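Engineer: Provided below: work24.cif, containing mmCIF, C-alpha atoms.
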```
data_entry
#
loop_
_atom_site.label_atom_id
_atom_site.label_comp_id
_atom_site.auth_asym_id
_atom_site.auth_seq_id
_atom_site.Cartn_x
_atom_site.Cartn_y
_atom_site.Cartn_z
CA MET A 1 0.00 0.00 0.00
CA LEU A 2 1.05 3.57 -0.57
CA HIS A 3 2.38 5.74 2.25
CA LEU A 4 2.23 9.29 0.95
CA PRO A 5 3.61 12.33 2.79
CA ALA A 6 1.12 14.68 4.42
CA THR A 7 0.35 17.95 2.69
CA HIS A 8 -1.52 21.15 3.58
CA ILE A 9 -2.65 21.71 -0.01
CA GLU A 10 -6.22 20.46 -0.23
CA GLU A 11 -6.00 19.31 -3.84
CA PHE A 12 -2.91 17.21 -3.09
CA ALA A 13 -4.46 15.88 0.12
CA GLN A 14 -7.53 14.75 -1.80
CA LEU A 15 -5.33 13.13 -4.44
CA ASN A 16 -3.39 11.35 -1.68
CA ARG A 17 -6.60 10.01 -0.17
CA THR A 18 -7.78 8.76 -3.58
CA LEU A 19 -4.48 7.06 -4.35
CA THR A 20 -4.31 5.51 -0.89
CA HIS A 21 -7.85 4.16 -1.25
CA LEU A 22 -7.04 2.72 -4.68
CA SER A 23 -3.87 1.06 -3.40
CA GLU A 24 -5.84 -0.47 -0.51
CA ARG A 25 -8.40 -1.83 -2.97
CA VAL A 26 -5.67 -3.31 -5.19
CA ALA A 27 -3.98 -4.92 -2.17
CA ALA A 28 -7.29 -6.36 -0.97
CA ASP A 29 -8.16 -7.69 -4.43
CA TYR A 30 -4.73 -9.30 -4.71
CA ALA A 31 -5.11 -10.94 -1.29
CA LEU A 32 -8.53 -12.31 -2.26
CA LEU A 33 -7.24 -13.64 -5.58
CA LYS A 34 -4.24 -15.25 -3.87
CA GLU A 35 -6.51 -16.87 -1.27
CA PHE A 36 -8.89 -18.13 -3.96
CA THR A 37 -6.01 -19.62 -5.97
CA GLU A 38 -4.59 -21.37 -2.92
CA ASN A 39 -8.01 -22.71 -1.89
CA ALA A 40 -8.83 -23.90 -5.42
CA ALA A 41 -5.47 -25.66 -5.73
CA HIS A 42 -5.91 -27.32 -2.35
CA GLU A 43 -9.52 -28.41 -2.83
CA THR A 44 -9.01 -29.87 -6.32
CA ARG A 45 -5.80 -31.79 -5.59
CA THR A 46 -7.48 -34.54 -3.55
CA PRO A 47 -10.40 -35.28 -5.96
CA LEU A 48 -7.94 -35.54 -8.85
CA ALA A 49 -5.78 -38.00 -6.91
CA ILE A 50 -8.85 -40.07 -5.99
CA MET A 51 -10.03 -40.13 -9.62
CA GLN A 52 -6.62 -41.32 -10.80
CA ALA A 53 -6.45 -44.06 -8.17
CA LYS A 54 -10.00 -45.33 -8.78
CA LEU A 55 -9.58 -45.37 -12.56
CA LYS A 56 -6.31 -47.25 -12.21
CA GLN A 57 -8.08 -49.85 -10.05
CA LEU A 58 -10.89 -50.17 -12.60
CA LEU A 59 -8.41 -50.73 -15.43
CA GLN A 60 -6.86 -53.59 -13.46
CA LEU A 61 -10.16 -55.44 -12.92
CA PRO A 62 -9.99 -58.91 -14.52
CA ASP A 63 -13.68 -58.89 -15.45
CA LEU A 64 -13.73 -55.43 -17.02
CA PRO A 65 -15.90 -55.65 -20.18
CA ALA A 66 -13.75 -55.51 -23.31
CA PRO A 67 -15.58 -52.51 -24.86
CA ALA A 68 -15.04 -50.52 -21.67
CA GLY A 69 -11.25 -50.94 -21.69
CA PRO A 70 -10.39 -48.29 -24.33
CA LEU A 71 -12.91 -45.84 -22.88
CA MET A 72 -11.47 -46.25 -19.38
CA GLY A 73 -7.96 -45.88 -20.78
CA ASP A 74 -8.87 -42.60 -22.50
CA LEU A 75 -10.53 -41.33 -19.34
CA TYR A 76 -7.49 -42.24 -17.23
CA ALA A 77 -5.18 -40.45 -19.70
CA ALA A 78 -7.40 -37.35 -19.59
CA VAL A 79 -7.38 -37.29 -15.77
CA ARG A 80 -3.59 -37.66 -15.72
CA ARG A 81 -3.28 -34.73 -18.13
CA LEU A 82 -5.64 -32.69 -15.96
CA ALA A 83 -3.51 -33.49 -12.91
CA ARG A 84 -0.35 -32.33 -14.72
CA LEU A 85 -2.13 -29.18 -15.82
CA HIS A 86 -3.26 -28.54 -12.24
CA GLN A 87 0.29 -29.04 -10.95
CA GLY A 88 1.79 -26.73 -13.58
CA LEU A 89 -0.69 -23.90 -13.07
CA THR A 90 -0.34 -24.14 -9.28
CA LEU A 91 3.44 -23.88 -9.58
CA LEU A 92 3.18 -20.86 -11.90
CA SER A 93 0.78 -19.17 -9.48
CA LYS A 94 3.14 -19.74 -6.55
CA ILE A 95 6.10 -18.34 -8.49
CA GLU A 96 4.15 -15.23 -9.49
CA ASN A 97 2.99 -14.77 -5.89
CA GLN A 98 6.60 -14.85 -4.63
CA GLN A 99 6.01 -17.96 -2.50
CA PHE A 100 9.51 -19.39 -3.02
CA ALA A 101 11.55 -16.80 -1.17
CA VAL A 102 13.56 -19.31 0.91
CA ALA A 103 16.68 -20.44 -0.95
CA GLN A 104 19.63 -22.65 -0.19
CA PRO A 105 22.84 -23.71 -2.01
CA VAL A 106 22.01 -26.08 -4.87
CA HIS A 107 24.79 -28.10 -6.51
CA LEU A 108 23.57 -27.92 -10.07
CA ALA A 109 25.83 -30.63 -11.52
CA ALA A 110 24.78 -33.15 -8.87
CA LEU A 111 21.10 -32.31 -9.43
CA LEU A 112 21.57 -32.71 -13.19
CA ARG A 113 23.08 -36.16 -12.72
CA GLU A 114 20.18 -37.11 -10.46
CA LYS A 115 17.54 -35.95 -12.97
CA LEU A 116 19.28 -37.72 -15.86
CA SER A 117 19.39 -40.91 -13.81
CA GLN A 118 15.65 -40.63 -13.12
CA LEU A 119 14.96 -40.13 -16.84
CA GLU A 120 17.28 -42.91 -17.99
CA GLU A 121 14.39 -45.21 -18.93
CA PHE A 122 12.78 -42.56 -21.16
CA ILE A 123 16.14 -41.80 -22.78
CA GLN A 124 16.71 -45.48 -23.52
CA GLN A 125 13.18 -45.98 -24.85
CA LYS A 126 13.90 -43.38 -27.54
CA GLU A 127 17.47 -44.67 -27.99
CA LEU A 128 18.77 -41.13 -27.60
CA GLN A 129 22.48 -40.37 -27.92
CA LEU A 130 23.19 -38.78 -24.54
CA ASP A 131 26.19 -36.44 -24.41
CA VAL A 132 26.82 -34.86 -20.99
CA GLN A 133 29.46 -32.12 -20.77
CA LEU A 134 29.90 -30.73 -17.26
CA SER A 135 32.85 -28.34 -17.40
CA ALA A 136 32.02 -26.79 -14.01
CA GLU A 137 29.95 -27.54 -10.92
CA PRO A 138 28.28 -24.23 -10.03
CA VAL A 139 26.49 -23.82 -6.71
CA LEU A 140 23.49 -21.50 -6.95
CA SER A 141 21.24 -20.08 -4.27
CA LEU A 142 17.81 -21.42 -5.28
CA HIS A 143 14.67 -22.84 -3.77
CA PRO A 144 15.16 -26.63 -4.11
CA ALA A 145 11.68 -27.16 -5.62
CA LEU A 146 12.27 -24.52 -8.29
CA ALA A 147 15.72 -25.88 -9.13
CA ASP A 148 14.21 -29.36 -9.53
CA SER A 149 11.35 -28.05 -11.66
CA LEU A 150 13.71 -26.00 -13.87
CA LEU A 151 15.89 -28.99 -14.75
CA SER A 152 12.97 -31.42 -15.04
CA ASN A 153 11.07 -29.25 -17.49
CA LEU A 154 14.16 -28.55 -19.62
CA LEU A 155 15.08 -32.25 -19.84
CA HIS A 156 11.51 -33.48 -20.35
CA ASN A 157 11.07 -30.97 -23.17
CA ALA A 158 14.29 -32.11 -24.89
CA ILE A 159 13.32 -35.79 -24.59
CA ARG A 160 9.65 -35.37 -25.55
CA HIS A 161 10.41 -33.38 -28.72
CA ASN A 162 13.45 -35.42 -29.72
CA GLN A 163 13.43 -37.91 -32.55
CA PRO A 164 14.15 -41.65 -32.06
CA GLY A 165 17.91 -42.13 -31.93
CA GLY A 166 18.47 -38.39 -31.82
CA LEU A 167 21.05 -36.34 -29.96
CA LEU A 168 20.48 -35.16 -26.40
CA ARG A 169 23.37 -32.95 -25.26
CA VAL A 170 23.60 -31.40 -21.79
CA GLN A 171 26.24 -28.70 -21.29
CA LEU A 172 26.90 -27.06 -17.92
CA SER A 173 29.50 -24.36 -17.32
CA ALA A 174 30.08 -21.87 -14.52
CA THR A 175 27.76 -19.37 -16.17
CA GLU A 176 25.09 -21.28 -18.09
CA LEU A 177 23.19 -24.48 -18.77
CA ALA A 178 22.40 -25.53 -22.34
CA ILE A 179 20.13 -28.41 -23.36
CA ILE A 180 20.45 -29.36 -27.03
CA ASN A 181 18.28 -31.89 -28.82
CA ALA A 182 17.58 -33.13 -32.31
CA GLY A 183 14.05 -32.92 -33.61
CA PRO A 184 11.84 -31.88 -36.48
CA ALA A 185 12.60 -28.63 -38.25
CA LEU A 186 10.62 -25.54 -37.31
CA ALA A 187 7.72 -24.62 -39.54
CA ALA A 188 8.17 -21.35 -41.39
CA GLN A 189 5.43 -19.63 -39.38
CA GLN A 190 6.76 -20.68 -35.97
CA GLU A 191 8.45 -18.01 -33.88
CA PRO A 192 10.86 -19.20 -31.12
CA ALA A 193 9.38 -16.76 -28.59
CA GLN A 194 5.98 -18.45 -28.96
CA PHE A 195 7.27 -21.65 -27.36
CA PHE A 196 7.37 -19.91 -23.97
CA GLU A 197 3.67 -19.04 -24.10
CA ARG A 198 1.34 -20.98 -21.83
CA PHE A 199 -0.44 -23.92 -23.48
CA ARG A 200 1.73 -23.54 -26.57
CA LYS A 201 2.57 -26.98 -28.01
CA GLN A 202 4.53 -27.97 -31.12
CA ASN A 203 2.30 -31.01 -31.48
CA ALA A 204 -1.37 -30.31 -30.84
CA ALA A 205 -2.02 -34.00 -30.19
CA SER A 206 0.56 -34.16 -27.40
CA GLU A 207 -0.63 -35.12 -23.92
CA SER A 208 1.62 -32.43 -22.46
CA PRO A 209 -0.36 -29.48 -21.02
CA GLY A 210 2.02 -27.06 -22.75
CA LEU A 211 3.30 -25.36 -19.59
CA GLY A 212 6.88 -26.67 -19.38
CA LEU A 213 8.72 -23.82 -21.07
CA SER A 214 6.43 -21.24 -19.49
CA ILE A 215 7.46 -22.63 -16.09
CA VAL A 216 11.13 -22.50 -17.14
CA GLN A 217 10.75 -18.86 -18.16
CA SER A 218 8.93 -17.94 -14.93
CA ILE A 219 11.62 -19.55 -12.77
CA ALA A 220 14.34 -17.83 -14.78
CA ALA A 221 12.62 -14.46 -14.39
CA PHE A 222 12.21 -15.08 -10.64
CA TYR A 223 16.00 -15.37 -10.28
CA ASP A 224 16.92 -12.81 -12.99
CA PHE A 225 18.34 -15.55 -15.21
CA ALA A 226 18.32 -15.15 -18.98
CA VAL A 227 16.63 -17.93 -20.92
CA GLU A 228 16.60 -18.26 -24.70
CA TYR A 229 15.69 -20.72 -27.42
CA THR A 230 17.67 -21.04 -30.65
CA TYR A 231 17.31 -23.30 -33.65
CA ALA A 232 19.98 -24.41 -36.13
CA PRO A 233 19.01 -26.35 -39.30
CA ASP A 234 20.89 -29.09 -41.19
CA PRO A 235 20.90 -31.07 -38.99
CA ALA A 236 18.04 -29.67 -36.96
CA ARG A 237 19.23 -28.73 -33.47
CA HIS A 238 17.07 -27.10 -30.82
CA THR A 239 18.86 -25.37 -27.94
CA LEU A 240 17.45 -24.06 -24.68
CA ARG A 241 19.99 -21.99 -22.79
CA VAL A 242 19.74 -20.62 -19.24
CA ARG A 243 22.37 -18.05 -18.29
CA PHE A 244 22.61 -17.59 -14.53
CA ALA A 245 25.69 -15.36 -14.32
CA PRO A 246 25.09 -11.65 -13.59
CA PRO A 247 24.90 -9.56 -16.80
CA ALA A 248 28.31 -7.96 -16.15
CA ASN A 249 29.95 -11.39 -16.05
CA ARG A 250 28.33 -12.75 -19.16
CA PRO A 251 30.52 -13.06 -22.25
#
```
Would you write the structure of this file as structure tokens?
Structural biologist:
Amino acid sequence: MLHLPATHIEEFAQLNRTLTHLSERVAADYALLKEFTENAAHETRTPLAIMQAKLKQLLQLPDLPAPAGPLMGDLYAAVRRLARLHQGLTLLSKIENQQFAVAQPVHLAALLREKLSQLEEFIQQKELQLDVQLSAEPVLSLHPALADSLLSNLLHNAIRHNQPGGLLRVQLSATELAIINAGPALAAQQEPAQFFERFRKQNAASESPGLGLSIVQSIAAFYDFAVEYTYAPDPARHTLRVRFAPPANRP
């Protein structure tokens, strides 16, 4: 809220009262919106989890009628997508509401190795050519949940949009992280900046909610990191780069 200096000029005093009242209204509206978002996220999390669990149990029934199988499978997939969408939007809301103020030292190289280990099955399923280049082991002051989400979304994006047998290169230096992957060439009408928009997907049929790169950009903005996407043709290479060095130290 505004705290304006007192004045003996009536016109300025009236303006001060108006501005103070407006700032109080804005603060109150923000508090209500924040409370609503938190309540909605809390109240919908449990029903979604119950729906997933019950549908999974139904799919495992031995006497499930054959015609019902595909329908139940589609419904289960839709609920899973809704749960991912709920998780992504909740995270974005928390970032925008500055709810990740507490930070601690995060060893980025160790976290990268951990995430790559967790995704090993997906990497092998696509027979990707993994190339990990860790020339430094920077320690950054981050909220652990945001650090985890940043790396997860970058790696998931590079795996999901890669081609079978394609390149997946992870480069970490003292000043930046780059994730490079093979994949289909960009369509002529596609602008790189559009990929950071919410619900933007390269493949409309994808089960992804289209929030991954938006989350990456929000986390980067929260910590004043620079994030950029570049594309190089022949062979097609897609690069997502996060620069976490202060601007004065960037090359």
Engineer: Taking 6 positions as the minimum chain separation for residues in the same chain, which residues sit within 10 Å of Tyr231 of chain A when counting all atoms listed in the file? Answer as number ranges by chain.
Structural biologist: A: 180-182, 185-186, 192, 237-240
Engineer: Tell me, in Å to one decimal, how far atom CA of Leu142 of chain A is from atom CA of Glu228 of chain A.
Structural biologist: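 Here the two named atoms are 19.7 Å from each other.
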Engineer: Which of these residues is nearest to Gly183 of chain A, using all atoms listed in the file: A:Leu55, A:Ala221, A:Ala236, A:Val242?
Structural biologist: A:Ala236
Engineer: Could you give me, as a PDB file with C-alpha atoms, in the coordinates of the input, the residues within 12 Å of Leu112 of chain A, counting all atoms listed in the file and dropping anything in the same chain fewer than 3 positions from it?
Structural biologist:
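Final output, saved to result-v3.pdb:
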```pdb
ATOM      1  CA  VAL A 106      22.010 -26.080  -4.870  1.00  0.00           C
ATOM      2  CA  HIS A 107      24.790 -28.100  -6.510  1.00  0.00           C
ATOM      3  CA  LEU A 108      23.570 -27.920 -10.070  1.00  0.00           C
ATOM      4  CA  ALA A 109      25.830 -30.630 -11.520  1.00  0.00           C
ATOM      5  CA  LYS A 115      17.540 -35.950 -12.970  1.00  0.00           C
ATOM      6  CA  LEU A 116      19.280 -37.720 -15.860  1.00  0.00           C
ATOM      7  CA  SER A 117      19.390 -40.910 -13.810  1.00  0.00           C
ATOM      8  CA  GLN A 118      15.650 -40.630 -13.120  1.00  0.00           C
ATOM      9  CA  LEU A 119      14.960 -40.130 -16.840  1.00  0.00           C
ATOM     10  CA  VAL A 132      26.820 -34.860 -20.990  1.00  0.00           C
ATOM     11  CA  GLN A 133      29.460 -32.120 -20.770  1.00  0.00           C
ATOM     12  CA  LEU A 134      29.900 -30.730 -17.260  1.00  0.00           C
ATOM     13  CA  GLU A 137      29.950 -27.540 -10.920  1.00  0.00           C
ATOM     14  CA  PRO A 138      28.280 -24.230 -10.030  1.00  0.00           C
ATOM     15  CA  ALA A 147      15.720 -25.880  -9.130  1.00  0.00           C
ATOM     16  CA  ASP A 148      14.210 -29.360  -9.530  1.00  0.00           C
ATOM     17  CA  SER A 149      11.350 -28.050 -11.660  1.00  0.00           C
ATOM     18  CA  LEU A 150      13.710 -26.000 -13.870  1.00  0.00           C
ATOM     19  CA  LEU A 151      15.890 -28.990 -14.750  1.00  0.00           C
ATOM     20  CA  SER A 152      12.970 -31.420 -15.040  1.00  0.00           C
ATOM     21  CA  ASN A 153      11.070 -29.250 -17.490  1.00  0.00           C
ATOM     22  CA  LEU A 154      14.160 -28.550 -19.620  1.00  0.00           C
ATOM     23  CA  LEU A 155      15.080 -32.250 -19.840  1.00  0.00           C
ATOM     24  CA  VAL A 170      23.600 -31.400 -21.790  1.00  0.00           C
ATOM     25  CA  GLN A 171      26.240 -28.700 -21.290  1.00  0.00           C
ATOM     26  CA  LEU A 172      26.900 -27.060 -17.920  1.00  0.00           C
ATOM     27  CA  LEU A 177      23.190 -24.480 -18.770  1.00  0.00           C
ATOM     28  CA  ALA A 178      22.400 -25.530 -22.340  1.00  0.00           C
ATOM     29  CA  ILE A 179      20.130 -28.410 -23.360  1.00  0.00           C
TER      30      ILE A 179
END
```
Engineer: Near Lys126 of chain A, counting all atoms listed in the file, which residues have an atom at most 12 Å away, once you skip same-chain residues fewer than 4 positions from it, shown as a VMD selection string?
Structural biologist: chain A and resid 119 to 122 130 158 to 168 182
Engineer: Which value, in Å to one decimal, gives the distance between atom CA of Ala78 of chain A and atom CA of Leu211 of chain A?
Structural biologist: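 Calculated distance between atom CA of Ala78 of chain A and atom CA of Leu211 of chain A is 16.1 Å.
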Engineer: Show me, as a ChimeraX atom specification, the residues that have an atom within 12 Å of Pro105 of chain A when counting all atoms listed in the file, minus same-chain residues fewer than 4 positions from it.
Structural biologist: /A:110-111,138-144,147
Engineer: With the PyMOL selection byres ((chain A and resi 76) around 12) as the selection, what would be picked from this file? Answer as an MDAnalysis selection string, please.
Structural biologist: chainID A and resid 48:60 69:75 77:83 207
Engineer: Enumerate, as an MDAnalysis selection string, the residues matched when the PyMOL selection byres ((chain A and resi 92-101) around 10) is run on the file above.
Structural biologist: chainID A and resid 30 34 37:38 41 87:91 102:103 142:146 211 214:216 218:219 221:222
Engineer: In Å to one decimal, how far is atom CA of Ala6 of chain A from atom CA of Ser23 of chain A?
Structural biologist: 16.5 Å
Engineer: Nearest to Ala174 of chain A: which of A:Arg45, A:His86, A:Arg243, A:His156 is it, counting only C-alpha atoms?
Structural biologist: A:Arg243
